[in-house]
$ cat work-v8.cif   # mmCIF, C-alpha atoms
data_my_file
loop_
_atom_site.group_PDB
_atom_site.id
_atom_site.type_symbol
_atom_site.label_atom_id
_atom_site.label_comp_id
_atom_site.auth_asym_id
_atom_site.auth_seq_id
_atom_site.Cartn_x
_atom_site.Cartn_y
_atom_site.Cartn_z
ATOM 1 C CA MET O 12 1.376 18.437 -17.749
ATOM 2 C CA SER O 13 2.653 15.268 -19.469
ATOM 3 C CA PRO O 14 1.756 11.755 -18.197
ATOM 4 C CA SER O 15 5.344 11.241 -16.997
ATOM 5 C CA ASP O 16 5.193 14.513 -15.051
ATOM 6 C CA ILE O 17 1.943 13.401 -13.430
ATOM 7 C CA ASP O 18 3.567 10.057 -12.578
ATOM 8 C CA ALA O 19 6.604 11.799 -11.096
ATOM 9 C CA GLU O 20 4.373 13.983 -8.934
ATOM 10 C CA LEU O 21 2.334 10.999 -7.766
ATOM 11 C CA VAL O 22 5.481 8.978 -7.031
ATOM 12 C CA GLU O 23 6.883 11.795 -4.895
ATOM 13 C CA ALA O 24 3.616 12.000 -2.951
ATOM 14 C CA ALA O 25 3.496 8.201 -2.541
ATOM 15 C CA LYS O 26 7.111 8.223 -1.320
ATOM 16 C CA ALA O 27 5.974 10.689 1.338
ATOM 17 C CA GLY O 28 3.336 8.146 2.414
ATOM 18 C CA SER O 29 0.249 9.267 0.462
ATOM 19 C CA THR O 30 -1.985 6.264 -0.176
ATOM 20 C CA SER O 31 -4.306 8.359 -2.355
ATOM 21 C CA ALA O 32 -1.397 9.193 -4.673
ATOM 22 C CA PHE O 33 -0.519 5.508 -4.845
ATOM 23 C CA ALA O 34 -4.186 4.693 -5.576
ATOM 24 C CA ARG O 35 -3.998 7.033 -8.566
ATOM 25 C CA LEU O 36 -0.835 5.279 -9.754
ATOM 26 C CA VAL O 37 -2.685 1.954 -9.508
ATOM 27 C CA GLU O 38 -5.574 3.374 -11.533
ATOM 28 C CA ARG O 39 -3.234 4.765 -14.180
ATOM 29 C CA HIS O 40 -1.112 1.647 -14.647
ATOM 30 C CA GLN O 41 -3.336 -1.325 -13.824
ATOM 31 C CA GLN O 42 -4.310 -1.781 -17.460
ATOM 32 C CA ALA O 43 -0.731 -1.902 -18.765
ATOM 33 C CA LEU O 44 0.524 -4.200 -16.011
ATOM 34 C CA ARG O 45 -2.404 -6.607 -16.179
ATOM 35 C CA ALA O 46 -2.295 -6.746 -19.984
ATOM 36 C CA PHE O 47 1.450 -7.493 -19.890
ATOM 37 C CA LEU O 48 0.992 -10.256 -17.304
ATOM 38 C CA ARG O 49 -1.976 -11.749 -19.171
ATOM 39 C CA ARG O 50 0.164 -11.994 -22.293
ATOM 40 C CA THR O 51 3.156 -13.290 -20.367
ATOM 41 C CA CYS O 52 1.522 -15.980 -18.282
ATOM 42 C CA GLY O 53 -1.597 -16.751 -20.345
ATOM 43 C CA ASP O 54 -3.863 -17.260 -17.329
ATOM 44 C CA TRP O 55 -5.965 -14.151 -16.715
ATOM 45 C CA ALA O 56 -6.857 -14.920 -13.104
ATOM 46 C CA GLN O 57 -3.254 -15.671 -12.232
ATOM 47 C CA ALA O 58 -2.152 -12.550 -14.106
ATOM 48 C CA ASP O 59 -4.485 -10.396 -12.006
ATOM 49 C CA ASP O 60 -3.188 -12.031 -8.799
ATOM 50 C CA LEU O 61 0.384 -11.344 -9.899
ATOM 51 C CA ALA O 62 -0.539 -7.757 -10.778
ATOM 52 C CA GLN O 63 -1.974 -7.248 -7.300
ATOM 53 C CA GLU O 64 1.173 -8.704 -5.716
ATOM 54 C CA ALA O 65 3.297 -6.486 -7.950
ATOM 55 C CA PHE O 66 1.433 -3.362 -6.812
ATOM 56 C CA LEU O 67 1.846 -4.381 -3.166
ATOM 57 C CA GLU O 68 5.583 -4.845 -3.668
ATOM 58 C CA ALA O 69 5.705 -1.528 -5.526
ATOM 59 C CA TRP O 70 4.093 0.185 -2.521
ATOM 60 C CA SER O 71 6.704 -1.236 -0.161
ATOM 61 C CA LYS O 72 9.602 -0.419 -2.517
ATOM 62 C CA ILE O 73 8.465 2.900 -3.957
ATOM 63 C CA GLY O 74 11.219 4.685 -2.062
ATOM 64 C CA ARG O 75 13.766 2.921 -4.275
ATOM 65 C CA LEU O 76 12.255 4.102 -7.563
ATOM 66 C CA ARG O 77 14.723 6.426 -9.298
ATOM 67 C CA ALA O 78 13.561 9.948 -10.038
ATOM 68 C CA GLY O 79 12.473 10.196 -13.659
ATOM 69 C CA ALA O 80 12.265 6.431 -14.162
ATOM 70 C CA SER O 81 9.286 5.032 -16.074
ATOM 71 C CA VAL O 82 6.676 3.844 -13.581
ATOM 72 C CA ARG O 83 5.090 1.573 -16.182
ATOM 73 C CA ALA O 84 8.400 -0.159 -16.956
ATOM 74 C CA TRP O 85 9.235 -0.450 -13.251
ATOM 75 C CA LEU O 86 5.875 -2.065 -12.493
ATOM 76 C CA CYS O 87 6.202 -4.465 -15.431
ATOM 77 C CA GLY O 88 9.661 -5.432 -14.155
ATOM 78 C CA ILE O 89 8.256 -6.244 -10.724
ATOM 79 C CA GLY O 90 5.393 -8.174 -12.324
ATOM 80 C CA TYR O 91 7.798 -10.109 -14.532
ATOM 81 C CA ASN O 92 9.887 -11.135 -11.515
ATOM 82 C CA LYS O 93 6.702 -12.269 -9.752
ATOM 83 C CA HIS O 94 5.823 -14.302 -12.837
ATOM 84 C CA LEU O 95 9.278 -15.937 -12.940
ATOM 85 C CA THR O 96 9.001 -16.817 -9.243
ATOM 86 C CA ALA O 97 5.575 -18.360 -9.868
ATOM 87 C CA LEU O 98 6.979 -20.314 -12.826
ATOM 88 C CA ARG O 99 9.832 -21.662 -10.694
ATOM 89 C CA SER O 100 7.510 -22.768 -7.922
ATOM 90 C CA ARG O 101 5.212 -24.353 -10.492
ATOM 91 C CA GLY O 102 8.180 -26.175 -11.982
ATOM 92 C CA ARG O 103 8.696 -27.955 -8.675
ATOM 93 C CA ASP O 104 5.496 -29.880 -9.167
ATOM 94 C CA ARG O 105 4.981 -30.314 -12.873
ATOM 95 C CA ALA O 106 2.747 -33.356 -12.603
ATOM 96 C CA ARG O 107 0.231 -31.544 -10.413
ATOM 97 C CA ASP O 108 0.443 -28.556 -12.688
ATOM 98 C CA ALA O 109 -0.154 -30.594 -15.832
ATOM 99 C CA ALA O 110 -3.249 -32.112 -14.262
ATOM 100 C CA TYR O 111 -4.452 -28.670 -13.246
ATOM 101 C CA GLU O 112 -3.839 -27.238 -16.703
ATOM 102 C CA ALA O 113 -5.726 -30.129 -18.322
ATOM 103 C CA GLU O 114 -8.783 -29.528 -16.153
ATOM 104 C CA ARG O 115 -8.651 -25.741 -16.231
ATOM 105 C CA PRO O 116 -11.193 -24.075 -18.529
ATOM 106 C CA PRO O 117 -9.874 -21.499 -21.002
ATOM 107 C CA SER O 118 -8.906 -18.377 -19.082
ATOM 108 C CA SER O 119 -10.715 -15.906 -21.298
ATOM 109 C CA GLY O 120 -14.306 -16.263 -22.370
ATOM 110 C CA ALA O 121 -14.736 -16.217 -26.116
ATOM 111 C CA MET O 122 -11.485 -16.215 -28.049
ATOM 112 C CA THR O 123 -11.361 -16.159 -31.814
ATOM 113 C CA ASP O 124 -9.586 -19.038 -33.553
ATOM 114 C CA GLU O 125 -6.788 -16.699 -34.550
ATOM 115 C CA ARG O 126 -6.432 -15.483 -30.975
ATOM 116 C CA LEU O 127 -6.315 -19.083 -29.713
ATOM 117 C CA THR O 128 -3.609 -19.867 -32.262
ATOM 118 C CA LEU O 129 -1.649 -16.825 -31.079
ATOM 119 C CA GLU O 130 -2.091 -17.910 -27.449
ATOM 120 C CA ALA O 131 -0.825 -21.412 -28.277
ATOM 121 C CA ALA O 132 2.163 -19.987 -30.148
ATOM 122 C CA LEU O 133 2.943 -17.616 -27.281
ATOM 123 C CA SER O 134 2.843 -20.456 -24.760
ATOM 124 C CA GLU O 135 5.567 -22.243 -26.720
ATOM 125 C CA LEU O 136 7.945 -19.292 -26.516
ATOM 126 C CA PRO O 137 10.501 -19.178 -23.684
ATOM 127 C CA ALA O 138 9.405 -16.931 -20.799
ATOM 128 C CA ASP O 139 11.868 -14.110 -21.508
ATOM 129 C CA GLN O 140 11.092 -14.113 -25.249
ATOM 130 C CA ARG O 141 7.376 -14.044 -24.492
ATOM 131 C CA ALA O 142 7.855 -11.111 -22.134
ATOM 132 C CA CYS O 143 9.839 -9.192 -24.769
ATOM 133 C CA VAL O 144 7.114 -9.825 -27.353
ATOM 134 C CA ALA O 145 4.401 -8.773 -24.893
ATOM 135 C CA LEU O 146 6.168 -5.503 -24.129
ATOM 136 C CA CYS O 147 7.523 -4.477 -27.527
ATOM 137 C CA LEU O 148 4.903 -5.795 -29.959
ATOM 138 C CA ALA O 149 1.762 -5.472 -27.854
ATOM 139 C CA ALA O 150 2.476 -2.593 -25.482
ATOM 140 C CA ASP O 151 4.659 -0.309 -27.643
ATOM 141 C CA PHE O 152 7.666 -0.412 -25.318
ATOM 142 C CA SER O 153 10.926 0.568 -26.954
ATOM 143 C CA HIS O 154 13.625 -2.116 -26.902
ATOM 144 C CA ALA O 155 15.598 -0.059 -24.375
ATOM 145 C CA GLU O 156 12.573 0.361 -22.124
ATOM 146 C CA ALA O 157 11.846 -3.387 -22.270
ATOM 147 C CA ALA O 158 15.497 -4.193 -21.533
ATOM 148 C CA ASP O 159 15.342 -1.910 -18.516
ATOM 149 C CA ALA O 160 12.055 -3.403 -17.285
ATOM 150 C CA LEU O 161 13.081 -7.039 -17.703
ATOM 151 C CA GLY O 162 16.718 -6.657 -16.679
ATOM 152 C CA LEU O 163 17.940 -8.116 -19.982
ATOM 153 C CA PRO O 164 20.703 -6.857 -22.299
ATOM 154 C CA LEU O 165 19.425 -4.662 -25.152
ATOM 155 C CA GLY O 166 20.744 -7.041 -27.822
ATOM 156 C CA THR O 167 18.954 -9.974 -26.203
ATOM 157 C CA VAL O 168 15.673 -8.056 -26.197
ATOM 158 C CA LYS O 169 16.078 -7.170 -29.887
ATOM 159 C CA SER O 170 16.770 -10.764 -30.895
ATOM 160 C CA HIS O 171 13.915 -12.064 -28.710
ATOM 161 C CA VAL O 172 11.474 -9.650 -30.333
ATOM 162 C CA THR O 173 12.641 -10.489 -33.853
ATOM 163 C CA ARG O 174 12.493 -14.243 -33.288
ATOM 164 C CA GLY O 175 9.230 -14.106 -31.356
ATOM 165 C CA ARG O 176 7.584 -11.958 -34.002
ATOM 166 C CA ALA O 177 8.742 -14.269 -36.794
ATOM 167 C CA ARG O 178 7.456 -17.316 -34.906
ATOM 168 C CA LEU O 179 4.052 -15.768 -34.223
ATOM 169 C CA LEU O 180 3.621 -14.655 -37.837
ATOM 170 C CA GLU O 181 4.686 -18.083 -39.049
ATOM 171 C CA VAL O 182 2.051 -19.762 -36.874
ATOM 172 C CA LEU O 183 -0.625 -17.255 -37.849
ATOM 173 C CA GLY O 184 0.182 -17.790 -41.514
ATOM 174 C CA GLY O 185 1.131 -14.182 -42.192
ATOM 175 C CA CYS O 186 4.020 -12.933 -44.250
ATOM 176 C CA ASP O 187 6.889 -11.137 -42.562
ATOM 177 C CA ASP O 188 6.692 -7.956 -44.582
ATOM 178 C CA GLY O 189 8.860 -5.665 -42.570
ATOM 179 C CA ARG O 190 11.598 -5.005 -40.026
ATOM 180 C CA MET M 131 4.660 -0.360 -38.572
ATOM 181 C CA THR M 132 3.657 -3.093 -41.026
ATOM 182 C CA ASP M 133 0.343 -4.840 -41.649
ATOM 183 C CA ALA M 134 1.683 -7.905 -39.855
ATOM 184 C CA ASP M 135 2.465 -5.811 -36.781
ATOM 185 C CA ASP M 136 -0.971 -4.205 -36.911
ATOM 186 C CA ARG M 137 -2.531 -7.650 -37.096
ATOM 187 C CA LEU M 138 -0.522 -8.885 -34.124
ATOM 188 C CA LYS M 139 -1.386 -5.777 -32.188
ATOM 189 C CA ALA M 140 -5.100 -6.192 -32.912
ATOM 190 C CA LEU M 141 -4.949 -9.783 -31.666
ATOM 191 C CA PHE M 142 -3.059 -8.763 -28.546
ATOM 192 C CA ALA M 143 -5.622 -6.029 -27.897
ATOM 193 C CA GLU M 144 -8.277 -8.698 -27.301
ATOM 194 C CA ASP M 145 -6.861 -9.450 -23.851
ATOM 195 C CA GLU M 146 -6.547 -5.827 -22.808
ATOM 196 C CA PRO M 147 -8.220 -5.150 -19.441
ATOM 197 C CA PRO M 148 -10.460 -2.067 -19.097
ATOM 198 C CA ALA M 149 -8.721 1.303 -18.771
ATOM 199 C CA ARG M 150 -10.576 1.883 -15.493
ATOM 200 C CA ASP M 151 -11.306 -1.019 -13.171
ATOM 201 C CA PRO M 152 -12.510 0.301 -9.808
ATOM 202 C CA ALA M 153 -12.941 -3.220 -8.396
ATOM 203 C CA PHE M 154 -9.322 -4.159 -9.088
ATOM 204 C CA SER M 155 -7.964 -0.814 -7.844
ATOM 205 C CA ALA M 156 -10.093 -1.033 -4.681
ATOM 206 C CA ALA M 157 -8.875 -4.582 -3.990
ATOM 207 C CA VAL M 158 -5.239 -3.470 -4.330
ATOM 208 C CA MET M 159 -5.718 -0.420 -2.107
ATOM 209 C CA ALA M 160 -7.626 -2.407 0.530
ATOM 210 C CA GLU M 161 -4.661 -4.771 0.764
ATOM 211 C CA VAL M 162 -2.199 -1.845 0.829
ATOM 212 C CA ILE M 163 -4.092 -0.232 3.714
ATOM 213 C CA ARG M 164 -4.440 -3.549 5.557
ATOM 214 C CA ARG M 165 -0.678 -4.138 5.338
ATOM 215 C CA ARG M 166 0.067 -0.566 6.351
ATOM 216 C CA PHE M 167 -2.202 -0.979 9.391
ATOM 217 C CA ILE M 168 -0.412 -4.204 10.385
ATOM 218 C CA VAL M 169 2.993 -2.533 10.016
ATOM 219 C CA ASP M 170 1.829 0.480 12.065
ATOM 220 C CA MET M 171 0.414 -1.779 14.774
ATOM 221 C CA ALA M 172 3.612 -3.847 14.890
ATOM 222 C CA LEU M 173 5.662 -0.645 15.169
ATOM 223 C CA LEU M 174 3.467 0.758 17.928
ATOM 224 C CA ALA M 175 3.515 -2.547 19.812
ATOM 225 C CA SER M 176 7.295 -2.782 19.618
ATOM 226 C CA VAL M 177 7.727 0.854 20.742
ATOM 227 C CA ALA M 178 5.301 0.319 23.640
ATOM 228 C CA THR M 179 7.063 -2.898 24.668
ATOM 229 C CA ALA M 180 10.480 -1.264 24.494
ATOM 230 C CA GLY M 181 9.190 1.715 26.493
ATOM 231 C CA GLY M 182 7.694 -0.610 29.110
ATOM 232 C CA PHE M 183 10.948 -2.519 29.513
ATOM 233 C CA LEU M 184 12.928 0.736 29.707
ATOM 234 C CA LEU M 185 10.621 2.088 32.409
ATOM 235 C CA TRP M 186 10.777 -1.210 34.309
ATOM 236 C CA ALA M 187 14.602 -1.169 34.158
ATOM 237 C CA LEU M 188 14.928 2.495 35.161
ATOM 238 C CA TRP M 189 12.110 2.615 37.717
ATOM 239 C CA PRO M 190 14.277 2.050 40.819
ATOM 240 C CA SER M 191 16.453 5.035 39.922
ATOM 241 C CA ILE M 192 13.738 7.423 38.700
ATOM 242 C CA ALA M 193 11.078 6.634 41.321
ATOM 243 C CA PRO M 194 12.633 8.792 44.097
ATOM 244 C CA ALA M 195 13.181 11.691 41.720
ATOM 245 C CA LEU M 196 9.585 11.457 40.475
ATOM 246 C CA ALA M 197 8.274 11.392 44.057
ATOM 247 C CA THR M 198 10.199 14.577 44.897
ATOM 248 C CA LEU M 199 9.184 16.259 41.672
ATOM 249 C CA SER M 200 5.493 15.424 42.088
ATOM 250 C CA GLN M 201 5.460 16.906 45.595
ATOM 251 C CA GLY M 202 7.051 20.079 44.267
ATOM 252 C CA LEU M 203 4.668 20.300 41.306
ATOM 253 C CA ALA M 204 1.482 19.624 43.289
ATOM 254 C CA PRO M 205 0.668 23.340 43.898
ATOM 255 C CA VAL M 206 1.378 24.178 40.247
ATOM 256 C CA GLY M 207 -0.870 21.314 39.154
ATOM 257 C CA ALA M 208 -3.658 22.544 41.415
ATOM 258 C CA CYS M 209 -3.350 26.094 40.054
ATOM 259 C CA LEU M 210 -3.429 24.824 36.433
ATOM 260 C CA THR M 211 -6.537 22.745 37.160
ATOM 261 C CA LEU M 212 -8.294 25.733 38.703
ATOM 262 C CA ALA M 213 -7.295 27.934 35.771
ATOM 263 C CA ALA M 214 -8.579 25.397 33.256
ATOM 264 C CA ALA M 215 -11.856 25.074 35.145
ATOM 265 C CA ALA M 216 -12.219 28.874 35.227
ATOM 266 C CA VAL M 217 -11.576 29.128 31.478
ATOM 267 C CA VAL M 218 -14.208 26.468 30.738
ATOM 268 C CA LEU M 219 -16.772 28.071 33.028
ATOM 269 C CA LEU M 220 -16.151 31.590 31.719
ATOM 270 C CA ASP M 221 -16.261 30.356 28.132
ATOM 271 C CA ARG M 222 -19.681 28.805 28.719
ATOM 272 C CA GLY M 223 -20.759 31.945 30.542
ATOM 273 C CA VAL M 224 -20.165 34.237 27.564
ATOM 274 C CA ILE M 225 -22.374 32.212 25.202
ATOM 275 C CA PRO M 226 -25.302 34.477 24.280
ATOM 276 C CA LEU M 227 -28.597 33.592 25.938
ATOM 277 C CA ASP M 228 -30.428 32.977 22.614
ATOM 278 C CA ARG M 229 -27.738 30.511 21.416
ATOM 279 C CA ARG M 230 -27.852 28.743 24.749
ATOM 280 C CA ASN M 231 -31.615 28.329 24.448
ATOM 281 C CA HIS M 232 -31.514 27.095 20.849
ATOM 282 C CA GLY M 233 -28.447 24.982 20.871
#
$ encode --input "work-v8.cif" --output "structure tokens"
Amino acid sequence: MSPSDIDAELVEAAKAGSTSAFARLVERHQQALRAFLRRTCGDWAQADDLAQEAFLEAWSKIGRLRAGASVRAWLCGIGYNKHLTALRSRGRDRARDAAYEAERPPSSGAMTDERLTLEAALSELPADQRACVALCLAADFSHAEAADALGLPLGTVKSHVTRGRARLLEVLGGCDDGR
Amino acid sequence: MTDADDRLKALFAEDEPPARDPAFSAAVMAEVIRRRFIVDMALLASVATAGGFLLWALWPSIAPALATLSQGLAPVGACLTLAAAAVVLLDRGVIPLDRRNHG
């Protein structure tokens, strides 16, 4: 049985009200969702909070998930919307946020210099471009799958990935040897 | 995939959470169950309240009918109670003596 078949079976059981089936979906997809949100928002603790909220929303909306749809992409879409909402509410009080960011210790323990450079470069990308990079370059989403998850046109996703990739490689000092 | 992509991917992999994280999954499921419990309780409370109001509104019209019905059903109720008591007593009576002594 393929992973998508297992997901489909678990989704059907969760739609019927099975919390144990939903628990298995959480186990199967927590890594992908949390990794995506960590890369998208940069703050690991906040990313985990958003992931938890995304799973709770997924539980309440699982009845709306189309048959055969990718659970991973659906969850990342919910997480991305949560992230955008958090960004908007943070934008209402930028001064407080700037002070918080200045005092906040680095979110991950020991990062290599190269990883810190990548993190800094990612933080300069617009939110939607960052999300496209996180899905397509880090998580092996196809452009179509990322477009579906983020609710963006396919062409926009392609250009975001190309530009984001070029920017990251430029900052890291690598040559753009492909694509 | 190019070397540059591999390099990016390796850097991204540094912030990958563990494939299995029981603490995270348990926290999510605890919150799911807590919310489900609250929703169930709210539903039950609203159904009970609606039922109470309905009974209160209909009581003047159903009270006489219930009084008549209960008088008519009293002998049937008594017979059912006796039958249930007999079943329980007979059931206990057929337990073998050795099981009764040991259990």
$ closest_atom_pairs --input "work-v8.cif" --of "chain O" --to "chain M" --cutoff "9 Å" --atoms "all atoms listed in the file" --output "Markdown table"
| residue | atom | partner | partner_atom | distance |
| --- | --- | --- | --- | --- |
| O:Thr30 | CA | M:Ile163 | CA | 7.9 |
| O:Ser31 | CA | M:Met159 | CA | 8.9 |
| O:Phe33 | CA | M:Met159 | CA | 8.3 |
| O:Ala34 | CA | M:Met159 | CA | 6.4 |
| O:Arg35 | CA | M:Ser155 | CA | 8.8 |
| O:Val37 | CA | M:Ser155 | CA | 6.2 |
| O:Glu38 | CA | M:Ser155 | CA | 6.1 |
| O:Arg39 | CA | M:Ala149 | CA | 7.9 |
| O:His40 | CA | M:Ala149 | CA | 8.7 |
| O:Gln41 | CA | M:Ser155 | CA | 7.6 |
| O:Gln42 | CA | M:Pro147 | CA | 5.5 |
| O:Ala43 | CA | M:Glu146 | CA | 8.1 |
| O:Arg45 | CA | M:Pro147 | CA | 6.8 |
| O:Ala46 | CA | M:Glu146 | CA | 5.2 |
| O:Phe47 | CA | M:Glu146 | CA | 8.7 |
| O:Arg49 | CA | M:Asp145 | CA | 7.1 |
| O:Arg50 | CA | M:Asp145 | CA | 7.6 |
| O:Trp55 | CA | M:Asp145 | CA | 8.6 |
| O:Asp59 | CA | M:Phe154 | CA | 8.4 |
| O:Gln63 | CA | M:Val158 | CA | 5.8 |
| O:Glu64 | CA | M:Val158 | CA | 8.4 |
| O:Phe66 | CA | M:Val158 | CA | 7.1 |
| O:Leu67 | CA | M:Val162 | CA | 6.2 |
| O:Trp70 | CA | M:Val162 | CA | 7.4 |
| O:Ser71 | CA | M:Val162 | CA | 9.0 |
| O:Ser119 | CA | M:Asp145 | CA | 7.9 |
| O:Met122 | CA | M:Glu144 | CA | 8.2 |
| O:Glu125 | CA | M:Leu141 | CA | 7.7 |
| O:Arg126 | CA | M:Leu141 | CA | 5.9 |
| O:Leu129 | CA | M:Leu141 | CA | 7.8 |
| O:Ala145 | CA | M:Phe142 | CA | 8.3 |
| O:Leu148 | CA | M:Lys139 | CA | 6.7 |
| O:Ala149 | CA | M:Lys139 | CA | 5.4 |
| O:Ala150 | CA | M:Lys139 | CA | 8.4 |
| O:Arg176 | CA | M:Asp135 | CA | 8.5 |
| O:Leu179 | CA | M:Leu138 | CA | 8.3 |
| O:Leu180 | CA | M:Ala134 | CA | 7.3 |
| O:Gly185 | CA | M:Ala134 | CA | 6.7 |
| O:Cys186 | CA | M:Ala134 | CA | 7.1 |
| O:Asp187 | CA | M:Ala134 | CA | 6.7 |
| O:Asp188 | CA | M:Thr132 | CA | 6.7 |
| O:Gly189 | CA | M:Thr132 | CA | 6.0 |
| O:Arg190 | CA | M:Thr132 | CA | 8.2 |
$ atom_distance --input "work-v8.cif" --atom1 "atom CA of O:Leu61" --atom2 "atom CA of O:Leu98"
11.5 Å
$ resolve_selection --input "work-v8.cif" --expression "the PyMOL selection byres ((chain O and resi 155) around 12)" --output "MDAnalysis selection string"
chainID O and resid 81 84 143 146:147 151:154 156:169
$ residues_near_point --input "work-v8.cif" --point "(14.3, 7.0, 0.8)" --cutoff "8 Å" --atoms "only C-alpha atoms" --output "list in words"
Lys26, Gly74 and Arg75 of chain O
$ atom_distance --input "work-v8.cif" --atom1 "atom CA of O:Val144" --atom2 "atom CA of O:Leu44"
14.3 Å
$ atom_distance --input "work-v8.cif" --atom1 "atom CA of O:Ala65" --atom2 "atom CA of O:Gly90"
5.1 Å
$ resolve_selection --input "work-v8.cif" --expression "the PyMOL selection byres ((chain O and resi 52) around 10)" --output "list in words"
Phe47, Leu48, Arg49, Arg50, Thr51, Gly53, Asp54, Trp55, Ala56, Gln57, Ala58, Leu61, Tyr91, His94, Leu95, Ala97, Leu98, Leu133, Ser134, Ala138, Arg141 and Ala142 of chain O
$ resolve_selection --input "work-v8.cif" --expression "the PyMOL selection byres ((chain O and resi 21) around 8)" --output "list in words"
Ile17, Asp18, Ala19, Glu20, Val22, Glu23, Ala24, Ala25, Ala32, Phe33, Arg35 and Leu36 of chain O
$ build_atoms --input "work-v8.cif" --residues "stretch 174-186 of chain O" --atoms "N, CA and C atoms" --output "PDB file, keeping the file's coordinate frame"
ATOM      1  N   ARG O 174      12.809 -12.810 -33.180  1.00  0.00           N
ATOM      2  CA  ARG O 174      12.493 -14.243 -33.288  1.00  0.00           C
ATOM      3  C   ARG O 174      11.045 -14.529 -32.895  1.00  0.00           C
ATOM      4  N   GLY O 175      10.604 -13.887 -31.817  1.00  0.00           N
ATOM      5  CA  GLY O 175       9.230 -14.106 -31.356  1.00  0.00           C
ATOM      6  C   GLY O 175       8.219 -13.657 -32.391  1.00  0.00           C
ATOM      7  N   ARG O 176       8.490 -12.499 -32.987  1.00  0.00           N
ATOM      8  CA  ARG O 176       7.584 -11.958 -34.002  1.00  0.00           C
ATOM      9  C   ARG O 176       7.515 -12.896 -35.202  1.00  0.00           C
ATOM     10  N   ALA O 177       8.704 -13.367 -35.633  1.00  0.00           N
ATOM     11  CA  ALA O 177       8.742 -14.269 -36.794  1.00  0.00           C
ATOM     12  C   ALA O 177       7.977 -15.559 -36.497  1.00  0.00           C
ATOM     13  N   ARG O 178       8.130 -16.072 -35.283  1.00  0.00           N
ATOM     14  CA  ARG O 178       7.456 -17.316 -34.906  1.00  0.00           C
ATOM     15  C   ARG O 178       5.938 -17.127 -34.883  1.00  0.00           C
ATOM     16  N   LEU O 179       5.494 -16.015 -34.312  1.00  0.00           N
ATOM     17  CA  LEU O 179       4.052 -15.768 -34.223  1.00  0.00           C
ATOM     18  C   LEU O 179       3.448 -15.601 -35.614  1.00  0.00           C
ATOM     19  N   LEU O 180       4.150 -14.864 -36.479  1.00  0.00           N
ATOM     20  CA  LEU O 180       3.621 -14.655 -37.837  1.00  0.00           C
ATOM     21  C   LEU O 180       3.621 -15.963 -38.624  1.00  0.00           C
ATOM     22  N   GLU O 181       4.623 -16.780 -38.366  1.00  0.00           N
ATOM     23  CA  GLU O 181       4.686 -18.083 -39.049  1.00  0.00           C
ATOM     24  C   GLU O 181       3.469 -18.931 -38.663  1.00  0.00           C
ATOM     25  N   VAL O 182       3.175 -18.958 -37.364  1.00  0.00           N
ATOM     26  CA  VAL O 182       2.051 -19.762 -36.874  1.00  0.00           C
ATOM     27  C   VAL O 182       0.717 -19.213 -37.362  1.00  0.00           C
ATOM     28  N   LEU O 183       0.639 -17.883 -37.422  1.00  0.00           N
ATOM     29  CA  LEU O 183      -0.625 -17.255 -37.849  1.00  0.00           C
ATOM     30  C   LEU O 183      -0.792 -17.278 -39.383  1.00  0.00           C
ATOM     31  N   GLY O 184       0.278 -17.688 -40.055  1.00  0.00           N
ATOM     32  CA  GLY O 184       0.182 -17.790 -41.514  1.00  0.00           C
ATOM     33  C   GLY O 184       0.332 -16.464 -42.223  1.00  0.00           C
ATOM     34  N   GLY O 185       0.939 -15.488 -41.561  1.00  0.00           N
ATOM     35  CA  GLY O 185       1.131 -14.182 -42.192  1.00  0.00           C
ATOM     36  C   GLY O 185       2.515 -14.088 -42.778  1.00  0.00           C
ATOM     37  N   CYS O 186       2.694 -13.120 -43.698  1.00  0.00           N
ATOM     38  CA  CYS O 186       4.020 -12.933 -44.250  1.00  0.00           C
ATOM     39  C   CYS O 186       4.765 -11.877 -43.449  1.00  0.00           C
TER      40      CYS O 186
END
